[in-house]
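J.: Please read through the structure below; I'll follow up with questions.
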Amino acid sequence: VERVRSGRPVSHVAAEIGVSRTTAHKWVRRSVAEGESGLADRPSRPRTTPHRTPDAVESRVCQLRRTRKLGPARIGPIL
């Protein structure tokens with residue numbers, strides 16, 4: 001972020017540190033919007049998964065895969 005603020009192109013800085021231009025732009029935007037705290041590591045996992053498979057169905061899938069060695073094409077119609 002400091003290199004970009006000093007006037008260097010984002011694409012050059014991204015290449016130097018081995019990240020994509022998209023990631024470098026994201027870091028610069030976060031730094032401008034949130035300051036130093038915006039550069040802290042964040043999980044990439046979504047906060048919520050509204051359409052997640054119910055636990056009972058997930059357990060049944062795992063059971064079928066273990067006991068009957070079935071794949072998704074065979075498990076789908078069963079469940």
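Every chain in the structure tokens has a letter given in the order shown (A, B, ...), and although residue numbers restart at 1 in each chain, ligands are simply numbered from 1 in the order shown.
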Name the residues in contact with Val1 (chain A) at a cut-off of 6 Å, using only C-alpha atoms, excluding same-chain residues fewer than 2 positions from it; report them as an NGL selection string.

T.: :A and (3-4 or 28)

J.: Just list as number ranges by chain whatever in region 6-75 of chain A DSSP marks as alpha helix (DSSP H).

T.: A: 10-17, 21-34, 55-68, 72-75

J.: Write the selection just made, keeping C-alpha atoms, as an mmCIF file, in the first residue's frame?

T.:
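That gives us again_7.cif:
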data_model
loop_
_atom_site.group_PDB
_atom_site.id
_atom_site.type_symbol
_atom_site.label_atom_id
_atom_site.label_comp_id
_atom_site.auth_asym_id
_atom_site.auth_seq_id
_atom_site.Cartn_x
_atom_site.Cartn_y
_atom_site.Cartn_z
ATOM 1 C CA VAL A 10 -0.593 -1.047 -8.675
ATOM 2 C CA SER A 11 0.209 -3.603 -11.381
ATOM 3 C CA HIS A 12 3.972 -3.146 -10.891
ATOM 4 C CA VAL A 13 3.734 -3.426 -7.118
ATOM 5 C CA ALA A 14 1.496 -6.493 -7.397
ATOM 6 C CA ALA A 15 4.023 -8.208 -9.680
ATOM 7 C CA GLU A 16 6.879 -7.386 -7.301
ATOM 8 C CA ILE A 17 5.182 -8.932 -4.278
ATOM 9 C CA ARG A 21 -3.639 -6.811 -9.427
ATOM 10 C CA THR A 22 -7.125 -7.504 -8.083
ATOM 11 C CA THR A 23 -5.726 -8.405 -4.665
ATOM 12 C CA ALA A 24 -3.445 -5.379 -4.631
ATOM 13 C CA HIS A 25 -6.351 -3.077 -5.521
ATOM 14 C CA LYS A 26 -8.444 -4.703 -2.777
ATOM 15 C CA TRP A 27 -5.719 -4.017 -0.206
ATOM 16 C CA VAL A 28 -5.398 -0.387 -1.306
ATOM 17 C CA ARG A 29 -9.198 0.110 -1.114
ATOM 18 C CA ARG A 30 -9.324 -1.451 2.353
ATOM 19 C CA SER A 31 -6.448 0.702 3.529
ATOM 20 C CA VAL A 32 -8.167 3.880 2.317
ATOM 21 C CA ALA A 33 -11.550 2.899 3.767
ATOM 22 C CA GLU A 34 -10.482 1.321 7.066
ATOM 23 C CA ASP A 55 -27.092 -31.921 9.044
ATOM 24 C CA ALA A 56 -29.286 -35.030 8.783
ATOM 25 C CA VAL A 57 -28.882 -35.163 4.990
ATOM 26 C CA GLU A 58 -25.148 -34.540 5.249
ATOM 27 C CA SER A 59 -24.811 -37.428 7.719
ATOM 28 C CA ARG A 60 -26.771 -39.716 5.407
ATOM 29 C CA VAL A 61 -24.550 -38.761 2.441
ATOM 30 C CA CYS A 62 -21.412 -39.531 4.449
ATOM 31 C CA GLN A 63 -22.892 -42.836 5.581
ATOM 32 C CA LEU A 64 -23.776 -43.887 2.015
ATOM 33 C CA ARG A 65 -20.329 -42.934 0.767
ATOM 34 C CA ARG A 66 -18.617 -44.943 3.508
ATOM 35 C CA THR A 67 -20.802 -48.037 3.604
ATOM 36 C CA ARG A 68 -21.911 -48.450 -0.006
ATOM 37 C CA PRO A 72 -23.016 -38.200 -6.084
ATOM 38 C CA ALA A 73 -24.877 -39.509 -9.144
ATOM 39 C CA ARG A 74 -26.155 -42.504 -7.162
ATOM 40 C CA ILE A 75 -26.681 -40.732 -3.825
#

J.: In Å, rounded to a single decimal, give me how far CA of Arg47 (chain A) is from CA of Gly76 (chain A).

T.: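 Computed distance, CA of Gly76 (chain A) to CA of Arg47 (chain A), equals 27.0 Å.
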
J.: Any idea what the distance is between CA of Pro9 (chain A) and CA of Ala40 (chain A)?

T.: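 CA of Ala40 (chain A) lies 22.5 Å from CA of Pro9 (chain A).
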